[in-house]
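Asker: This is the structure I have questions about; it appears just below.
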Amino acid sequence: MTAPIAGTAVAAVGPDGPAPDVPVATAARSGSGAFADARSRRRYLIVLIALLLVAGGCAYALLAVGNPMPPGSEGFRLIAQMRATSVTTMLIAAFCQATATIAFQTVTANRIITPSLLGFESLYTAIQTTAVYVLGVAGVVAIQGTGQFLLQVAAMVGLSMLLYGWLLRGRYADMQVMLLIGIILGGGLGSISSFMQRLLTPSEFDVLSARLFGSVSNARVEYLPWAIGLAGIAGASIWLSARKLDVLALGRDVCLNVGVDHRRQTLLVLVLVSVLMATSTALVGPMTFFGFLVATLTYQLAGTHAHRLLLPLGVLLGFVVLAGAYLVMDHVFYAGGVVSVIIELVGGTVFLVVLLRKGRL
Amino acid sequence: MIAIDTVRKRYRSADGTVEIGPVTLEIPAGGVTALVGPNGAGKSTLLTMVGRLLGIDEGAIEVAGYDVSRTASKDLAKVLSVLRQENHFITRLTVRQLVGFGRFPHSQGRLTAADEQKISEAIDFLGLQELESRYLDQLSGGQRQRAYVAMVLAQDTEYVLLDEPLNNLDMRHSVQMMRRLHAAAHELGRTIVVVLHDVNFAARYADRIIAMKDGRVVESGPVAEIMDGALLSRVFDTDVQVIDGPDGPLAVYY
């Protein structure tokens, strides 16, 4: 990634108009690109490098801490290899959630919502619950497998496409209306799921509830190539249109003024967001707060509006949060699996502190 | 030239349909053209339709020979820029970063040295050099308004459409803004169309005035022609007297 030139030195040109008191020549002017000044660029680089180091450290710790074999031995390598599956899963989940949430908040011009509002998680819960409701404990097994994984992704993407249809309808073509319908649909699916859960036997419910916590252990090795493929294509498309996202963040009027087709671009981003969210949800389960937390912290740390810089930082931060939470859960509390609990506890606290200190999102 | 040919736009409101048009109008290239008229006359609607921010129900609008509803938005962005009254967004930007977005049609977000030059020029032109590193949320309404105008000027288009650029500006800054727009039109060769509320600003700094009422153009012509007591009284439904001021005609309606 090339760092953009923050303050290109441009000598002030003489006034063509009646602008008064133009300085004869200014040294480096303020930045017009991604960063306002050299200081924020330096800060971004420091944060990026620090996160890279921490992310690398976390990844190594996940593979090595508690590994019973001596480092460097054949056994160590084998155990690390098995654990690498969960590290990869975390990377995919962090990539999907961070990219999707930042892009979604940009196109909806709202920084306090997450793409979960489109009902991915309620649908996931409904599918899992229905399977257990109809087939009993065997249902949990029945919906595992690559085919079933892909079907779930397809169902979630399908649901969001249905919602996006509202954006294309003449009279009610409105983002807010679409989100509202998404919330209502999600709520409805959630109620149906709770109703079915009431009718389950305690043991069935127990098996089911393990699936309904977002957890890396929900992922299976055979899903990973598909998940990487889906997330890679959708994510790459978003990353490649990063500069257009910068403009989309300025709203419809400015967008059209500078020649970006606002509606088409918004829909494209939304479709890609739903692919990312569906992949992540089908892979690890619901992680409602995670993407939101990562996106919010990313804005605070990055100090830039440029998406080509926000997105990589967000993904790294997501991985650090997720891996850090797993390390704490597995090696401090010995309560692996329910990592969403610690993400929401610590993440929520950090979020509140940042918000209260800075006073803006 | 901006050619507006029997354009209509319908709105549904509580008490039936409101119709703008049919409007047929030609705005020649060069100079400052002011759109005036009472509230709800359709000035801003017409301006945003010319700027392709709002679709047209019937008719056609051509700017410099480009049909605004058919030409790719990307190509049009190099010919025509448009600024609406309200601009509000979540991104935190400095003045210079905002003005930099005006160069998007030319550079697709990869600013070159030439772009930087244009950005600096636009900032200097609006007298914002002291403020260029300030964030927009640290500015007063009037300063922000100037920053947005700098953005559309940096876009370097032949046609510039501004919807009430004097909103939020005090006396001094209103006068400065109009002088700058006048200079942009006459020295930089832009064609500027502005919606104005104050007829006297139009009289002093515009070259032509278009008066709208009830969704139609009722009068249009050079300033001297439109600055007429009886005509303005008719357009605004208020008694207006036109007297000779030190710099040309003045409408008095207080």
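Every chain in the structure tokens has a letter given in the order shown (A, B, ...), and although residue numbers restart at 1 in each chain, ligands are simply numbered from 1 in the order shown.
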What are the DSSP strand (DSSP E or B) residues of stretch 118-234 of chain B, as a PyMOL selection string?
Answerer: chain B and resi 135+159-163+191-195+208-213+216-222
Asker: Would you kindly report the residues of chain B within 6 Å of chain A, using only C-alpha atoms, as a list in words?
Answerer: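 That gives Ser73, Lys74, Ala77, Ser81, Val82, Phe89, Arg96, Gln97, Gly100, Pro105, Gly109, Phe125, Gly127, Ser133 and Ala183 of chain B for chain B.
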Asker: Since we have the selection now, will you write its residues out, keeping C-alpha atoms, as a compact mmCIF listing (two decimals), in the first residue's frame?
Answerer:
# COMPACT_ATOMS: atom_id res chain seq x y z
CA SER B 73 -23.12 11.61 -14.93
CA LYS B 74 -19.35 11.19 -15.09
CA ALA B 77 -19.48 16.39 -14.00
CA SER B 81 -21.36 21.49 -11.15
CA VAL B 82 -24.23 22.01 -8.77
CA PHE B 89 -22.35 14.26 6.01
CA ARG B 96 -8.87 21.49 1.78
CA GLN B 97 -9.92 17.85 1.76
CA GLY B 100 -10.19 18.24 -3.10
CA PRO B 105 -14.38 14.04 -11.94
CA GLY B 109 -9.62 10.52 -6.32
CA PHE B 125 -10.38 32.58 -4.62
CA GLY B 127 -10.42 33.66 0.74
CA SER B 133 -6.54 23.03 7.48
CA ALA B 183 -15.47 37.65 -10.88
Asker: Kindly indicate which residue among B:Thr157, B:Asn167, B:Ser120, B:Thr45 lies nearest to B:Glu86, using only C-alpha atoms for the distances.
Answerer: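 For B:Glu86, the nearest of the given residues is B:Asn167.
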Asker: Can you pull out every residue within 9 Å of B:Tyr135, counting only C-alpha atoms, but drop anything in the same chain fewer than 3 positions away, and send it as number ranges by chain?
Answerer: A: 36; B: 92-96, 131-132, 138-139
Asker: So which residues of stretch 11-122 of chain A fall under alpha helix (DSSP H) by DSSP, listed as a ChimeraX atom specification?
Answerer: /A:38-64,74-108,120-122
Asker: Could you list, as a list in words, every residue within 9 Å of stretch 231-237 of chain A, counting only C-alpha atoms and ignoring same-chain residues fewer than 2 positions away?
Answerer: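 In the requested form, the answer reads Ile92, Phe95, Cys96, Thr99, Ala100, Trp226, Ala227, Ile228, Gly229, Trp239, Leu240, Ser241, Ala242, Val269, Val271, Leu272, Val273, Val275, Leu276, Met277, Thr279 and Ser280 of chain A.
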Asker: Neighbouring residues of stretch 130-136 of chain A were defined as those with any atom within 9 Å, considering only C-alpha atoms; residues of the same chain fewer than 2 positions away were excluded. Please report them as a PDB file with N, CA and C atoms, in the first residue's frame.
Answerer:
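Once written, result-v6.pdb looks like this:
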ATOM      1  N   THR A 125     -30.334 -17.675  12.924  1.00  0.00           N
ATOM      2  CA  THR A 125     -30.965 -18.258  14.109  1.00  0.00           C
ATOM      3  C   THR A 125     -32.196 -19.063  13.716  1.00  0.00           C
ATOM      4  N   ALA A 126     -33.003 -18.499  12.820  1.00  0.00           N
ATOM      5  CA  ALA A 126     -34.235 -19.185  12.403  1.00  0.00           C
ATOM      6  C   ALA A 126     -33.913 -20.509  11.711  1.00  0.00           C
ATOM      7  N   ILE A 127     -32.868 -20.477  10.848  1.00  0.00           N
ATOM      8  CA  ILE A 127     -32.515 -21.712  10.130  1.00  0.00           C
ATOM      9  C   ILE A 127     -32.040 -22.778  11.114  1.00  0.00           C
ATOM     10  N   GLN A 128     -31.156 -22.389  12.024  1.00  0.00           N
ATOM     11  CA  GLN A 128     -30.626 -23.352  12.994  1.00  0.00           C
ATOM     12  C   GLN A 128     -31.753 -23.908  13.865  1.00  0.00           C
ATOM     13  N   ALA A 138     -30.371 -34.285  15.842  1.00  0.00           N
ATOM     14  CA  ALA A 138     -29.777 -34.641  14.548  1.00  0.00           C
ATOM     15  C   ALA A 138     -29.758 -33.444  13.608  1.00  0.00           C
ATOM     16  N   GLY A 139     -30.664 -32.488  13.848  1.00  0.00           N
ATOM     17  CA  GLY A 139     -30.742 -31.315  12.975  1.00  0.00           C
ATOM     18  C   GLY A 139     -29.463 -30.525  12.952  1.00  0.00           C
ATOM     19  N   VAL A 140     -28.779 -30.449  14.098  1.00  0.00           N
ATOM     20  CA  VAL A 140     -27.529 -29.697  14.162  1.00  0.00           C
ATOM     21  C   VAL A 140     -26.508 -30.292  13.202  1.00  0.00           C
ATOM     22  N   ALA A 142     -27.378 -32.211  10.645  1.00  0.00           N
ATOM     23  CA  ALA A 142     -27.920 -32.190   9.290  1.00  0.00           C
ATOM     24  C   ALA A 142     -27.596 -30.895   8.559  1.00  0.00           C
ATOM     25  N   ILE A 143     -27.466 -29.766   9.303  1.00  0.00           N
ATOM     26  CA  ILE A 143     -27.179 -28.529   8.579  1.00  0.00           C
ATOM     27  C   ILE A 143     -25.695 -28.199   8.567  1.00  0.00           C
ATOM     28  N   SER A 193     -38.302 -17.895  15.939  1.00  0.00           N
ATOM     29  CA  SER A 193     -37.261 -18.754  16.506  1.00  0.00           C
ATOM     30  C   SER A 193     -37.487 -18.968  18.002  1.00  0.00           C
ATOM     31  N   MET A 196     -40.247 -21.414  18.593  1.00  0.00           N
ATOM     32  CA  MET A 196     -39.851 -22.815  18.367  1.00  0.00           C
ATOM     33  C   MET A 196     -38.939 -23.304  19.483  1.00  0.00           C
ATOM     34  N   GLN A 197     -38.071 -22.389  19.957  1.00  0.00           N
ATOM     35  CA  GLN A 197     -37.153 -22.791  21.031  1.00  0.00           C
ATOM     36  C   GLN A 197     -37.902 -23.187  22.304  1.00  0.00           C
ATOM     37  N   LEU A 199     -40.528 -24.795  22.451  1.00  0.00           N
ATOM     38  CA  LEU A 199     -41.104 -26.122  22.295  1.00  0.00           C
ATOM     39  C   LEU A 199     -40.051 -27.225  22.269  1.00  0.00           C
ATOM     40  N   LEU A 200     -38.765 -26.820  22.343  1.00  0.00           N
ATOM     41  CA  LEU A 200     -37.710 -27.836  22.290  1.00  0.00           C
ATOM     42  C   LEU A 200     -37.545 -28.499  23.666  1.00  0.00           C
ATOM     43  N   THR A 201     -37.006 -29.712  23.658  1.00  0.00           N
ATOM     44  CA  THR A 201     -36.649 -30.326  24.940  1.00  0.00           C
ATOM     45  C   THR A 201     -35.384 -29.635  25.452  1.00  0.00           C
ATOM     46  N   GLU A 204     -32.201 -30.598  23.580  1.00  0.00           N
ATOM     47  CA  GLU A 204     -32.140 -30.042  22.222  1.00  0.00           C
ATOM     48  C   GLU A 204     -31.783 -28.565  22.281  1.00  0.00           C
ATOM     49  N   PHE A 205     -32.420 -27.877  23.226  1.00  0.00           N
ATOM     50  CA  PHE A 205     -32.183 -26.442  23.353  1.00  0.00           C
ATOM     51  C   PHE A 205     -30.724 -26.161  23.702  1.00  0.00           C
ATOM     52  N   VAL A 207     -28.118 -28.009  22.950  1.00  0.00           N
ATOM     53  CA  VAL A 207     -27.292 -28.208  21.754  1.00  0.00           C
ATOM     54  C   VAL A 207     -27.430 -27.015  20.825  1.00  0.00           C
ATOM     55  N   LEU A 208     -28.667 -26.554  20.686  1.00  0.00           N
ATOM     56  CA  LEU A 208     -28.920 -25.438  19.769  1.00  0.00           C
ATOM     57  C   LEU A 208     -28.227 -24.156  20.236  1.00  0.00           C
TER      58      LEU A 208
END
Asker: Quote the spacing between atom CA of B:Arg103 and atom CA of B:Asp115 in Å to one decimal place.
Answerer: 6.4 Å
Asker: In terms of the shortest atom-to-atom distance over only C-alpha atoms, which of A:Leu322, A:Ser217, A:Ala295, A:Arg43 is closest to A:Ile112?
Answerer: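 Checking each of A:Leu322, A:Ser217, A:Ala295, A:Arg43 against A:Ile112, counting only C-alpha atoms, the winner is A:Ala295.
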Asker: As an exercise, work out the distance from atom CA of B:Thr48 to atom CA of B:Ser140 in Å and give it to one decimal place.
Answerer: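 Going from atom CA of B:Thr48 over to atom CA of B:Ser140, I get 25.2 Å.
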